[in-house]
Every structure is written in C-alpha cells, then in structure tokens.
>>> print(open('upload_13.txt').read())   # compact mmCIF, C-alpha atoms
# COMPACT_ATOMS: atom_id res chain seq x y z
CA MET A 1 0.00 0.00 0.00
CA TYR A 2 1.30 3.46 -0.84
CA GLN A 3 1.33 6.17 1.81
CA PHE A 4 -1.82 8.27 2.28
CA THR A 5 -3.07 10.86 4.73
CA TYR A 6 -5.83 9.58 6.98
CA HIS A 7 -8.83 11.72 7.90
CA ARG A 8 -11.61 10.66 10.25
CA VAL A 9 -14.86 12.59 9.78
CA ASP A 10 -18.18 12.49 11.62
CA SER A 11 -20.46 13.98 9.00
CA ALA A 12 -21.15 13.93 5.27
CA ARG A 13 -20.55 17.68 5.10
CA LYS A 14 -17.06 17.43 6.59
CA ALA A 15 -16.31 14.51 4.30
CA SER A 16 -17.23 16.40 1.15
CA ASN A 17 -15.42 19.55 2.28
CA LEU A 18 -12.24 17.53 2.71
CA ALA A 19 -12.73 15.74 -0.59
CA GLU A 20 -13.01 19.04 -2.41
CA LYS A 21 -9.69 20.14 -0.94
CA ASN A 22 -7.92 16.84 -1.77
CA GLU A 23 -8.25 16.01 -5.43
CA ASP A 24 -6.97 12.45 -5.18
CA ALA A 25 -8.74 11.61 -1.94
CA LYS A 26 -11.07 8.64 -1.65
CA PHE A 27 -13.92 8.01 0.76
CA LEU A 28 -13.42 4.93 2.94
CA ALA A 29 -16.67 3.14 3.78
CA GLY A 30 -16.43 -0.60 4.52
CA GLY A 31 -13.19 -0.85 2.58
CA MET A 32 -13.95 -4.36 1.37
CA THR A 33 -12.91 -3.43 -2.17
CA LEU A 34 -10.88 -0.27 -1.66
CA LEU A 35 -8.36 -1.69 0.83
CA PRO A 36 -7.54 -4.84 -1.21
CA THR A 37 -7.18 -2.60 -4.28
CA MET A 38 -4.79 -0.32 -2.40
CA LYS A 39 -2.83 -3.31 -1.11
CA GLN A 40 -2.29 -4.42 -4.68
CA ARG A 41 -1.24 -0.87 -5.53
CA LEU A 42 -3.99 -0.64 -8.11
CA ALA A 43 -5.26 2.43 -6.27
CA SER A 44 -3.10 5.04 -4.58
CA PRO A 45 -5.28 7.81 -3.16
CA SER A 46 -3.39 10.70 -1.58
CA ALA A 47 -5.85 10.72 1.30
CA LEU A 48 -8.53 8.50 2.79
CA ILE A 49 -11.60 10.14 4.26
CA ASP A 50 -12.95 7.58 6.71
CA LEU A 51 -16.75 7.67 6.96
CA ASN A 52 -17.04 5.02 9.67
CA SER A 53 -17.33 7.58 12.46
CA ALA A 54 -20.21 9.14 10.52
CA SER A 55 -22.07 5.80 10.52
CA GLU A 56 -24.69 6.98 12.98
CA LYS A 57 -25.82 9.70 10.59
CA LEU A 58 -25.23 7.84 7.35
CA ALA A 59 -26.52 4.36 8.26
CA GLY A 60 -29.99 3.06 8.95
CA ILE A 61 -33.10 1.67 7.31
CA GLU A 62 -36.44 3.48 7.24
CA VAL A 63 -39.77 2.68 5.65
CA LYS A 64 -41.41 5.84 4.33
CA GLY A 65 -44.71 5.24 2.55
CA ARG A 66 -44.09 2.90 -0.38
CA ASN A 67 -40.33 3.41 -0.27
CA ILE A 68 -37.45 2.02 1.74
CA HIS A 69 -34.62 4.41 2.55
CA ILE A 70 -31.25 2.81 3.22
CA GLY A 71 -28.37 4.95 4.49
CA ALA A 72 -25.15 4.73 2.51
CA MET A 73 -23.13 3.34 5.44
CA THR A 74 -25.61 0.53 6.16
CA ARG A 75 -23.72 -2.77 6.24
CA HIS A 76 -24.79 -5.72 4.08
CA TYR A 77 -25.48 -7.75 7.23
CA ASP A 78 -27.95 -5.13 8.47
CA VAL A 79 -29.80 -5.01 5.15
CA ALA A 80 -29.98 -8.82 5.01
CA ASN A 81 -31.35 -9.05 8.55
CA SER A 82 -33.66 -6.02 8.54
CA LYS A 83 -37.28 -7.01 9.25
CA ASP A 84 -38.42 -3.99 7.24
CA VAL A 85 -36.44 -4.99 4.16
CA GLN A 86 -37.38 -8.65 4.52
CA GLU A 87 -41.07 -7.73 4.57
CA ALA A 88 -41.12 -5.01 1.91
CA ILE A 89 -38.45 -6.19 -0.56
CA PRO A 90 -37.38 -9.73 0.41
CA ALA A 91 -35.35 -9.97 -2.81
CA LEU A 92 -33.13 -7.11 -1.60
CA ALA A 93 -32.56 -8.77 1.79
CA ASP A 94 -31.74 -12.04 -0.04
CA LEU A 95 -29.26 -10.25 -2.27
CA ALA A 96 -27.50 -8.59 0.67
CA GLY A 97 -27.21 -12.00 2.35
CA MET A 98 -25.47 -13.44 -0.72
CA ILE A 99 -22.64 -10.89 -0.86
CA GLY A 100 -19.20 -12.24 -0.02
CA ASP A 101 -19.09 -14.14 3.27
CA PRO A 102 -20.34 -13.32 6.79
CA ALA A 103 -17.25 -11.31 7.79
CA VAL A 104 -17.41 -9.26 4.59
CA ARG A 105 -21.14 -8.63 5.11
CA HIS A 106 -20.43 -7.31 8.62
CA ARG A 107 -18.23 -4.59 7.17
CA GLY A 108 -19.16 -3.83 3.57
CA THR A 109 -21.69 -1.06 2.90
CA ILE A 110 -24.37 -0.47 0.29
CA GLY A 111 -23.04 3.02 -0.51
CA GLY A 112 -19.51 1.71 -1.05
CA SER A 113 -20.68 -1.07 -3.31
CA VAL A 114 -22.86 1.24 -5.40
CA ALA A 115 -20.19 3.95 -5.69
CA ASN A 116 -17.60 1.39 -6.81
CA ASN A 117 -19.90 -0.15 -9.47
CA ASP A 118 -17.88 -3.33 -9.81
CA PRO A 119 -19.22 -5.16 -12.88
CA ALA A 120 -19.65 -8.31 -10.73
CA ALA A 121 -21.15 -6.61 -7.66
CA ASP A 122 -24.68 -7.56 -6.60
CA TYR A 123 -26.26 -4.27 -5.51
CA PRO A 124 -26.13 -2.41 -8.86
CA SER A 125 -28.56 -4.98 -10.34
CA ALA A 126 -31.03 -4.33 -7.52
CA LEU A 127 -30.86 -0.55 -7.85
CA LEU A 128 -31.41 -0.71 -11.60
CA ALA A 129 -34.21 -3.31 -11.46
CA LEU A 130 -36.05 -1.61 -8.61
CA ASN A 131 -35.67 1.84 -10.20
CA ALA A 132 -33.98 3.18 -7.08
CA THR A 133 -32.85 6.75 -6.55
CA ILE A 134 -29.36 7.53 -5.31
CA HIS A 135 -29.28 10.55 -2.98
CA THR A 136 -25.96 12.38 -2.70
CA ASN A 137 -24.87 15.40 -0.72
CA LYS A 138 -25.65 17.44 -3.86
CA ARG A 139 -28.57 15.89 -5.74
CA LYS A 140 -30.72 12.87 -6.52
CA ILE A 141 -29.74 10.54 -9.37
CA THR A 142 -31.90 7.74 -10.81
CA ALA A 143 -30.26 4.34 -11.13
CA ASP A 144 -30.76 4.53 -14.92
CA GLU A 145 -28.49 7.57 -15.03
CA PHE A 146 -26.14 6.54 -12.24
CA PHE A 147 -24.35 3.46 -13.60
CA THR A 148 -22.37 4.69 -16.58
CA GLY A 149 -19.85 1.92 -17.25
CA LEU A 150 -17.15 -0.33 -15.86
CA PHE A 151 -16.40 1.03 -12.35
CA GLU A 152 -17.89 4.29 -13.62
CA THR A 153 -20.79 6.24 -12.13
CA ALA A 154 -22.38 9.66 -12.51
CA LEU A 155 -20.77 10.76 -9.23
CA GLU A 156 -18.64 13.87 -9.53
CA PRO A 157 -15.37 14.35 -7.64
CA GLY A 158 -16.13 14.96 -3.97
CA GLU A 159 -19.75 13.88 -4.34
CA LEU A 160 -20.86 11.49 -1.61
CA ILE A 161 -23.78 9.05 -1.60
CA THR A 162 -25.90 9.64 1.51
CA LYS A 163 -28.74 7.18 0.98
CA ILE A 164 -30.54 5.03 -1.53
CA VAL A 165 -34.31 5.03 -1.90
CA PHE A 166 -36.00 1.89 -3.19
CA PRO A 167 -39.64 1.92 -4.33
CA VAL A 168 -41.34 -1.26 -3.07
CA PRO A 169 -42.12 -3.55 -6.04
CA SER A 170 -45.10 -5.89 -6.33
CA LYS A 171 -42.80 -8.81 -7.12
CA ALA A 172 -39.05 -9.22 -7.23
CA ALA A 173 -36.31 -11.82 -6.95
CA TYR A 174 -32.55 -12.08 -7.37
CA MET A 175 -30.72 -15.18 -8.50
CA LYS A 176 -26.99 -15.43 -8.82
CA PHE A 177 -24.48 -17.94 -9.99
CA PRO A 178 -21.54 -17.08 -7.75
CA ASN A 179 -17.93 -17.69 -8.54
CA PRO A 180 -17.28 -20.43 -5.97
CA ALA A 181 -14.03 -18.83 -4.75
CA SER A 182 -14.78 -15.12 -4.62
CA ARG A 183 -18.62 -15.24 -4.30
CA TYR A 184 -18.80 -12.45 -6.85
CA ALA A 185 -21.54 -12.93 -9.42
CA MET A 186 -20.45 -14.77 -12.56
CA VAL A 187 -24.00 -13.90 -13.54
CA GLY A 188 -26.68 -12.38 -11.34
CA VAL A 189 -30.17 -11.55 -12.56
CA PHE A 190 -32.62 -9.32 -10.71
CA VAL A 191 -36.23 -9.28 -11.87
CA ALA A 192 -38.76 -6.77 -10.54
CA LYS A 193 -42.36 -5.99 -11.36
CA LYS A 194 -44.07 -2.82 -10.20
CA GLY A 195 -47.49 -2.26 -11.71
CA LYS A 196 -47.04 -2.96 -15.42
CA ASP A 197 -43.37 -2.05 -15.40
CA VAL A 198 -41.07 -5.08 -15.53
CA ARG A 199 -37.33 -4.77 -15.26
CA VAL A 200 -34.69 -7.47 -15.72
CA THR A 201 -31.13 -6.52 -14.90
CA VAL A 202 -27.91 -8.47 -15.25
CA THR A 203 -24.71 -8.15 -13.27
CA GLY A 204 -21.45 -10.09 -13.53
CA ALA A 205 -21.75 -10.59 -17.28
CA GLY A 206 -21.61 -7.29 -19.13
CA SER A 207 -18.26 -5.89 -20.21
CA SER A 208 -19.59 -2.41 -19.38
CA GLY A 209 -21.10 -3.44 -16.06
CA VAL A 210 -24.73 -3.88 -15.05
CA PHE A 211 -27.35 -3.67 -17.82
CA ARG A 212 -31.05 -4.15 -18.51
CA ALA A 213 -32.07 -7.17 -20.57
CA GLY A 214 -34.59 -5.61 -22.93
CA LYS A 215 -35.75 -8.82 -24.63
CA PHE A 216 -36.50 -10.45 -21.30
CA GLU A 217 -38.29 -7.35 -20.05
CA ALA A 218 -40.52 -7.18 -23.12
CA ALA A 219 -41.46 -10.85 -22.86
CA LEU A 220 -42.26 -10.60 -19.16
CA THR A 221 -44.22 -7.36 -19.55
CA ALA A 222 -46.68 -9.28 -21.73
CA LYS A 223 -47.06 -11.88 -19.00
CA PHE A 224 -44.95 -12.17 -15.85
CA HIS A 225 -44.55 -15.92 -16.05
CA VAL A 226 -41.60 -18.18 -16.69
CA LYS A 227 -43.31 -19.51 -19.84
CA SER A 228 -42.97 -16.06 -21.40
CA LEU A 229 -39.21 -16.66 -21.48
CA GLU A 230 -39.44 -19.83 -23.58
CA GLY A 231 -37.21 -19.51 -26.62
CA ILE A 232 -35.65 -16.28 -25.36
CA SER A 233 -31.91 -16.20 -24.87
CA ALA A 234 -29.24 -13.60 -24.30
CA THR A 235 -26.56 -12.99 -26.90
CA ALA A 236 -22.89 -13.34 -26.04
CA GLU A 237 -22.04 -10.02 -27.67
CA GLY A 238 -20.73 -7.50 -25.17
CA LEU A 239 -20.35 -10.10 -22.41
CA ASN A 240 -17.18 -10.88 -20.48
CA SER A 241 -14.94 -13.84 -21.15
CA ASP A 242 -12.40 -14.84 -18.53
CA ILE A 243 -10.86 -17.93 -16.98
CA HIS A 244 -14.07 -18.58 -15.05
CA ALA A 245 -16.54 -18.49 -17.91
CA ASP A 246 -16.62 -17.47 -21.55
CA ALA A 247 -19.18 -15.09 -23.00
CA ALA A 248 -21.35 -17.85 -24.48
CA TYR A 249 -21.60 -19.59 -21.11
CA ARG A 250 -22.43 -16.32 -19.37
CA ALA A 251 -25.15 -15.69 -21.98
CA HIS A 252 -26.60 -19.11 -21.21
CA LEU A 253 -26.48 -18.41 -17.47
CA ILE A 254 -28.46 -15.19 -17.95
CA GLY A 255 -31.38 -17.23 -19.30
CA VAL A 256 -31.12 -19.80 -16.52
CA MET A 257 -30.89 -17.22 -13.73
CA ALA A 258 -33.70 -15.13 -15.24
CA ARG A 259 -36.06 -18.13 -15.32
CA ARG A 260 -35.18 -19.07 -11.75
CA ALA A 261 -35.67 -15.47 -10.61
CA VAL A 262 -39.10 -15.22 -12.28
CA ASN A 263 -40.19 -18.47 -10.64
CA LYS A 264 -38.95 -17.26 -7.29
CA ALA A 265 -40.67 -13.89 -7.69
CA ASN A 266 -43.89 -15.77 -8.45
CA GLY A 267 -43.46 -17.84 -5.29
CA LYS A 268 -42.57 -21.05 -7.13
CA MET B 269 2.47 8.99 13.38
CA PRO B 270 -1.22 8.97 14.32
CA LYS B 271 -2.31 7.31 17.53
CA VAL B 272 -4.99 4.66 17.90
CA SER B 273 -6.60 3.36 21.09
CA MET B 274 -8.89 0.37 21.42
CA THR B 275 -9.79 -2.44 23.78
CA VAL B 276 -8.26 -5.79 22.89
CA ASN B 277 -9.30 -8.87 24.87
CA GLY B 278 -10.55 -6.62 27.67
CA LYS B 279 -7.38 -4.54 27.94
CA GLU B 280 -7.03 -0.89 26.92
CA VAL B 281 -4.25 -0.64 24.36
CA SER B 282 -2.89 2.14 22.19
CA GLY B 283 -0.08 2.72 19.75
CA ASN B 284 1.39 5.24 17.36
CA ILE B 285 1.10 3.66 13.97
CA ASP B 286 1.59 4.30 10.28
CA SER B 287 -1.80 5.15 8.79
CA ARG B 288 -1.51 2.10 6.51
CA THR B 289 -1.40 -0.33 9.44
CA LEU B 290 -4.03 -3.03 9.11
CA LEU B 291 -5.75 -4.34 12.22
CA VAL B 292 -3.95 -7.68 11.85
CA GLN B 293 -0.57 -5.91 11.75
CA PHE B 294 -1.47 -3.88 14.83
CA LEU B 295 -2.44 -7.07 16.65
CA ARG B 296 0.56 -9.14 15.57
CA ASP B 297 3.38 -6.60 15.27
CA THR B 298 2.49 -3.93 17.80
CA LEU B 299 0.69 -5.99 20.44
CA ARG B 300 2.54 -9.26 19.70
CA LEU B 301 -0.74 -11.18 19.66
CA THR B 302 0.34 -13.64 17.01
CA GLY B 303 -2.58 -16.06 17.30
CA THR B 304 -4.36 -14.15 14.55
CA HIS B 305 -2.85 -15.31 11.27
CA VAL B 306 -2.43 -13.88 7.79
CA GLY B 307 -3.15 -16.49 5.16
CA CYS B 308 -4.11 -14.97 1.83
CA ASP B 309 -4.00 -11.26 2.72
CA THR B 310 -6.83 -10.79 0.20
CA SER B 311 -9.82 -11.28 2.55
CA GLN B 312 -10.69 -14.71 1.22
CA CYS B 313 -9.17 -17.33 3.55
CA GLY B 314 -10.44 -16.16 6.95
CA CYS B 315 -7.27 -17.01 8.95
CA CYS B 316 -7.31 -13.42 10.26
CA VAL B 317 -10.90 -13.35 11.58
CA VAL B 318 -11.34 -11.53 14.90
CA HIS B 319 -14.40 -10.03 16.57
CA VAL B 320 -14.85 -6.26 16.47
CA ASP B 321 -17.67 -4.93 18.64
CA GLY B 322 -19.06 -8.46 18.75
CA LYS B 323 -18.97 -9.20 15.02
CA ALA B 324 -16.55 -11.30 12.99
CA LEU B 325 -14.31 -9.27 10.69
CA LYS B 326 -11.34 -10.05 8.49
CA SER B 327 -8.58 -8.13 10.23
CA CYS B 328 -6.38 -8.09 7.11
CA THR B 329 -8.90 -5.80 5.42
CA VAL B 330 -9.57 -3.18 8.09
CA LEU B 331 -7.34 -0.24 8.93
CA ALA B 332 -6.41 -0.12 12.60
CA LEU B 333 -7.02 3.65 12.67
CA THR B 334 -10.64 3.17 11.67
CA LEU B 335 -11.27 1.16 14.84
CA GLU B 336 -10.55 3.95 17.33
CA GLY B 337 -12.42 3.07 20.53
CA ALA B 338 -13.52 -0.35 19.26
CA ASN B 339 -13.73 -3.52 21.30
CA VAL B 340 -11.65 -6.28 19.71
CA MET B 341 -11.47 -9.94 20.68
CA THR B 342 -8.86 -12.28 19.27
CA ILE B 343 -8.32 -16.02 19.68
CA GLU B 344 -6.13 -15.22 22.72
CA GLY B 345 -9.16 -13.72 24.47
CA LEU B 346 -11.41 -16.78 24.25
CA ALA B 347 -10.05 -19.04 26.98
CA THR B 348 -10.79 -18.06 30.56
CA ASP B 349 -8.70 -18.96 33.62
CA GLY B 350 -6.54 -21.29 31.59
CA LYS B 351 -9.56 -23.30 30.46
CA LEU B 352 -10.29 -23.68 26.76
CA HIS B 353 -13.44 -22.04 25.39
CA PRO B 354 -16.06 -24.70 24.51
CA MET B 355 -15.48 -24.10 20.78
CA GLN B 356 -11.73 -24.56 21.20
CA GLU B 357 -12.34 -27.71 23.21
CA ALA B 358 -14.70 -29.02 20.49
CA PHE B 359 -12.03 -28.47 17.80
CA ARG B 360 -9.52 -30.40 19.94
CA GLU B 361 -11.98 -33.17 20.74
CA ASN B 362 -13.08 -33.66 17.11
CA HIS B 363 -9.62 -33.48 15.58
CA ALA B 364 -10.79 -30.45 13.57
CA LEU B 365 -7.28 -29.28 12.75
CA GLN B 366 -4.13 -30.65 11.26
CA CYS B 367 -1.54 -27.95 10.62
CA GLY B 368 -3.58 -25.48 12.66
CA PHE B 369 -2.92 -22.40 10.56
CA CYS B 370 -6.59 -21.71 9.77
CA THR B 371 -7.80 -22.73 13.23
CA PRO B 372 -7.84 -19.34 15.02
CA GLY B 373 -9.95 -17.87 12.23
CA MET B 374 -12.16 -20.96 12.05
CA ILE B 375 -12.84 -20.77 15.77
CA MET B 376 -13.53 -17.03 15.81
CA THR B 377 -15.91 -17.43 12.87
CA SER B 378 -17.59 -20.41 14.55
CA VAL B 379 -18.21 -18.49 17.77
CA ASP B 380 -19.68 -15.68 15.67
CA ILE B 381 -21.99 -18.16 13.93
CA VAL B 382 -23.27 -19.35 17.31
CA ASN B 383 -23.74 -15.74 18.46
CA ARG B 384 -25.92 -15.08 15.42
CA LYS B 385 -27.62 -18.43 14.80
CA GLY B 386 -27.86 -20.08 18.19
CA ASN B 387 -26.72 -23.40 19.60
CA LYS B 388 -28.49 -25.84 17.30
CA LEU B 389 -26.72 -25.73 13.97
CA ASP B 390 -27.33 -28.15 11.12
CA GLU B 391 -24.59 -29.23 8.76
CA GLN B 392 -25.85 -27.15 5.85
CA THR B 393 -25.91 -23.96 7.93
CA ILE B 394 -22.41 -24.57 9.23
CA ARG B 395 -20.96 -25.25 5.78
CA HIS B 396 -22.66 -22.19 4.33
CA GLU B 397 -21.56 -19.92 7.18
CA LEU B 398 -17.95 -21.13 6.90
CA GLU B 399 -17.76 -19.98 3.27
CA GLY B 400 -15.27 -17.29 4.18
CA ASN B 401 -12.81 -19.63 5.89
CA LEU B 402 -10.51 -21.95 3.98
CA CYS B 403 -8.75 -25.05 5.33
CA ARG B 404 -6.20 -26.87 3.20
CA CYS B 405 -5.74 -29.92 5.45
CA THR B 406 -8.84 -31.38 6.97
CA GLY B 407 -11.39 -31.58 4.17
CA TYR B 408 -13.77 -29.76 6.54
CA HIS B 409 -15.72 -32.80 7.81
CA ASN B 410 -14.24 -32.68 11.29
CA ILE B 411 -14.49 -28.90 11.41
CA VAL B 412 -18.20 -29.12 10.70
CA LYS B 413 -18.59 -31.72 13.46
CA ALA B 414 -16.61 -29.57 15.85
CA VAL B 415 -18.68 -26.46 15.17
CA ALA B 416 -21.92 -28.38 15.83
CA ALA B 417 -20.49 -29.83 19.07
CA GLY B 418 -18.97 -26.52 20.15
CA ALA B 419 -22.22 -24.69 19.46
CA GLU B 420 -24.11 -27.11 21.66
CA ALA B 421 -21.49 -26.92 24.42
CA MET B 422 -21.68 -23.11 24.38
CA GLY B 423 -25.37 -23.35 25.28
CA LYS B 424 -24.73 -25.36 28.43
>>> encode(input="upload_13.txt", output="structure tokens")
Amino acid sequence: MYQFTYHRVDSARKASNLAEKNEDAKFLAGGMTLLPTMKQRLASPSALIDLNSASEKLAGIEVKGRNIHIGAMTRHYDVANSKDVQEAIPALADLAGMIGDPAVRHRGTIGGSVANNDPAADYPSALLALNATIHTNKRKITADEFFTGLFETALEPGELITKIVFPVPSKAAYMKFPNPASRYAMVGVFVAKKGKDVRVTVTGAGSSGVFRAGKFEAALTAKFHVKSLEGISATAEGLNSDIHADAAYRAHLIGVMARRAVNKANGK
Amino acid sequence: MPKVSMTVNGKEVSGNIDSRTLLVQFLRDTLRLTGTHVGCDTSQCGCCVVHVDGKALKSCTVLALTLEGANVMTIEGLATDGKLHPMQEAFRENHALQCGFCTPGMIMTSVDIVNRKGNKLDEQTIRHELEGNLCRCTGYHNIVKAVAAGAEAMGK
C-alpha cells in the first residue's frame, strides 16, 4: 500500500469539504474493495476520508410510505437481517445475504458497493431493477443515469452518496451464480415488477457493467410468467470472457438465472 | 504517526502507527498477539478473523485507525482462567485441525456463527456460514462436526 493521509470525519458535510480540498482523496466506507485494491497498488489515493465515524448519521433503514430508505453506510449484514427490508423487498434482503461471506457482510456497505460499481457486484442490479434513486450530498440521481460503465458512475469528484431510496415492487427476486471462490456474481439476474413495469437486470456478465435485458423485459411485460421466457436467450455479444466463464456460457447463465428469478418472484 | 486506542481482549491498548497499518498488523506486530494469522491477505481465507464490537471481521482488510475506541477480541481472548473455550475444546476433541494455521480464524468465525444463529446448527448452515474460511488440510468434515459440538457446548 502506498502512503496516504488519513482523515476521520463524523459527518457527510465534513467529508465532502475535505474531498473538495484533496483532489486524489477517496472516501473509505467498509473498505472491502478499496483496501484490497490499495494493497495491490492498483489504487493510490493521496488521502482516505474515513466515513465510519459518521455511521450513525449515514446508516440506517427506514420505511417511508411505499419506499425504503437505506443509508449509505448501512452494512450488508444489516440489510440482510432487517425485518423492514425482509417484509417489503425480500429480494433485496436475499441479495445482501449473498454478498461475499459473513465477515465481509459485517463490514461492507451499500453506498460503497454502489459507488464502486464493480461489474460483478450484486447491488447495482437491484438498484437498476427496482428503479432506485441515489441521494448524494448534492442531488438525486436515478439508477438509470447513475451506472455509466465499468467502475464508472455519474458521481462527480467529492460527491458522496448519503442514501438510496427503493420503491417497493409488487414482485421481485434475485438469482446469482456465484464464482465459488470469490462469491462475486459470474452472472446475477434481478427481476422486478411494479405495476405494469417489468425490469430485468444483469450483473457479472456485461463488459460495461450492469445492464437491462430488454428482450426479457418485453417478454415478461406481456405476462410475468416463466413460460414467457421460452425460446428467449441472451446474446454473447458485449459479455465478459475470462478464466471462469466465456461469453457464451455467461449468456446461457443469464437465461437460466432469469427463469429461476421469475419463478422465485412468483413464489414457485 | 497517528495514535490509535482500542480495547483488545478486555485490555485498553494504544499505539502510534503508520496510517496504513491493518488491524492484523497492529495485533501481531504492535501488540505481539500472534494467534491471529495472515493467510491470503486478500480477505478470502479467513485465517485473520477476529471479533470487532461483537462481530466477525477479516482483520487483514480493516485499517487499525478506523477502529478507534472499538472492542476487539482475538483467539487469545477466548479461553478463561486457563480453560479452553467450549469451541476450542470441540475443535480439539473432534480433531478439527491438522496444521492449525486456519484454526484461530475458524474458531472465531464459529463463535460468531453461534452468536448469530444459536446453539443448534445443522450441517448445511455450518458449511454455508464457513464460506469465508478456507482449510487446506482437513477436508472440513471434522471442522463441521466440531462447530456443531462446540455450538451445543456453548449453550450449556
């Protein structure tokens, strides 16, 4: 790890003030990705702005009307075990419980995962499928506009995610085929239905990160049933190939995970 | 160098450390508590698991400075009055270790599982919950048996 200056802050405002003064600074949330990346010297921020002492203000889960608000510093373990999330959006609690392993879930945060936008991370698929809104210290950004590419988001330098607001869907489910060693998604598919709007999102497969599977969405909008997906498959174009799986296999997995997710969302 | 203070195994400790110091380095190098091991150093193997404020964490992937004021428990803090903790005793009894390198992390994770899931653990739960801990010797069967036995013993 290269040398950095360490700053501990107790509020989002102090964090963003510091970030604006330090061009190469990074926010430290759970650190489950950032610290390993720094250890490998793939990242070398000049300063770390540690948000963990701001957890009281930036973490927490609240039900407000037909939305669930989740603070950026909320740990995966707390999302997975929240009664409110389990009741309103069980698919989201399931997803949080599938991230990494128990020790990683105790530390990793939703805001950190979303801001990093790893192409194999789980949360981006949920935000995009559930049409969530990302609140920052400056503005609100819809998930459609937020995820802009591989490890790329609409966040500007110094901009900090404060919470994420999920509208409660009528049906939703997440199915993932994890890499057995890292638990990252080789392919993860999130399906969500809210009124007539059906969204199907794919993580782990796309070479530009999370994406919506238009063909699957159209078929399921006609009828939200697994039979609607008969004969529908994803193309390998634009998908990742690596030592774990080639693009054709990932394309196949998208179909398999989508069908399983639809069945699960329908209680089957 | 910045200063950090925390409670480790019930004792107040502090040290002036490089900001890059990971919790596991603070424990092993500064405090000389070498029971916590570094296996992979990439937060996959679980040899470095300790409890921070009652929850299992991988100490190779947390900065020591971030844990100002935290309450940390390592494998050295489990036994009381020279008597093995029931989970340690269960690992010994069930021959759940061979080389022993992963054992401190396995035991800290296992105690955490019991804290979260209670004293009756089925095999599937144990195997799933141990996903973040790797053992290259035993083939896991005896570890799974030990965790079930240790969990039960902790309830007595």
>>> residues_near_point(input="upload_13.txt", point="(-30.0, 5.2, -16.9)", cutoff="12 Å", atoms="all atoms listed in the file", output="number ranges by chain")
A: 124, 127-129, 131-134, 141-149, 153-154, 201, 210-212
>>> write_last_selection(input="upload_13.txt", atoms="C-alpha atoms", output="CSV table (one decimal), in the coordinates of the input")
chain,number,residue,atom,x,y,z
A,124,PRO,CA,-26.1,-2.4,-8.9
A,127,LEU,CA,-30.9,-0.6,-7.8
A,128,LEU,CA,-31.4,-0.7,-11.6
A,129,ALA,CA,-34.2,-3.3,-11.5
A,131,ASN,CA,-35.7,1.8,-10.2
A,132,ALA,CA,-34.0,3.2,-7.1
A,133,THR,CA,-32.8,6.8,-6.6
A,134,ILE,CA,-29.4,7.5,-5.3
A,141,ILE,CA,-29.7,10.5,-9.4
A,142,THR,CA,-31.9,7.7,-10.8
A,143,ALA,CA,-30.3,4.3,-11.1
A,144,ASP,CA,-30.8,4.5,-14.9
A,145,GLU,CA,-28.5,7.6,-15.0
A,146,PHE,CA,-26.1,6.5,-12.2
A,147,PHE,CA,-24.4,3.5,-13.6
A,148,THR,CA,-22.4,4.7,-16.6
A,149,GLY,CA,-19.8,1.9,-17.2
A,153,THR,CA,-20.8,6.2,-12.1
A,154,ALA,CA,-22.4,9.7,-12.5
A,201,THR,CA,-31.1,-6.5,-14.9
A,210,VAL,CA,-24.7,-3.9,-15.0
A,211,PHE,CA,-27.4,-3.7,-17.8
A,212,ARG,CA,-31.0,-4.2,-18.5
>>> residues_around(input="upload_13.txt", residues="Ile394 of chain B", least_positions_apart="5", cutoff="10 Å", atoms="all atoms listed in the file", output="PyMOL selection string")
chain B and resi 378+381-382+385+389+399+411-413+415-416
>>> interface_residues(input="upload_13.txt", of="chain A", to="chain B", cutoff="9 Å", atoms="all atoms listed in the file", output="list in words")
Met1, Tyr2, Gln3, Phe4, Thr5, Tyr6, Arg8, Gly30, Gly31, Met32, Thr33, Leu35, Pro36, Lys39, Asp50, Leu51, Asn52, Ser53, Gly100, Asp101, Pro102, Ala103, Val104, Arg105, His106, Arg107, Ala181, Ser182 and Arg183 of chain A
>>> residues_around(input="upload_13.txt", residues="Glu23 of chain A", least_positions_apart="4", cutoff="12 Å", atoms="only C-alpha atoms", output="list of chain:residue names")
A:Ser16, A:Asn17, A:Leu18, A:Ala19, A:Phe27, A:Pro45, A:Ser46, A:Ala47, A:Leu48, A:Ile49, A:Glu156, A:Pro157, A:Gly158, A:Glu159
>>> residues_around(input="upload_13.txt", residues="segment 346-356 of chain B", least_positions_apart="2", cutoff="7 Å", atoms="all atoms listed in the file", output="ChimeraX atom specification")
/B:343-344,358-360,375,379,415,418-419,421-422
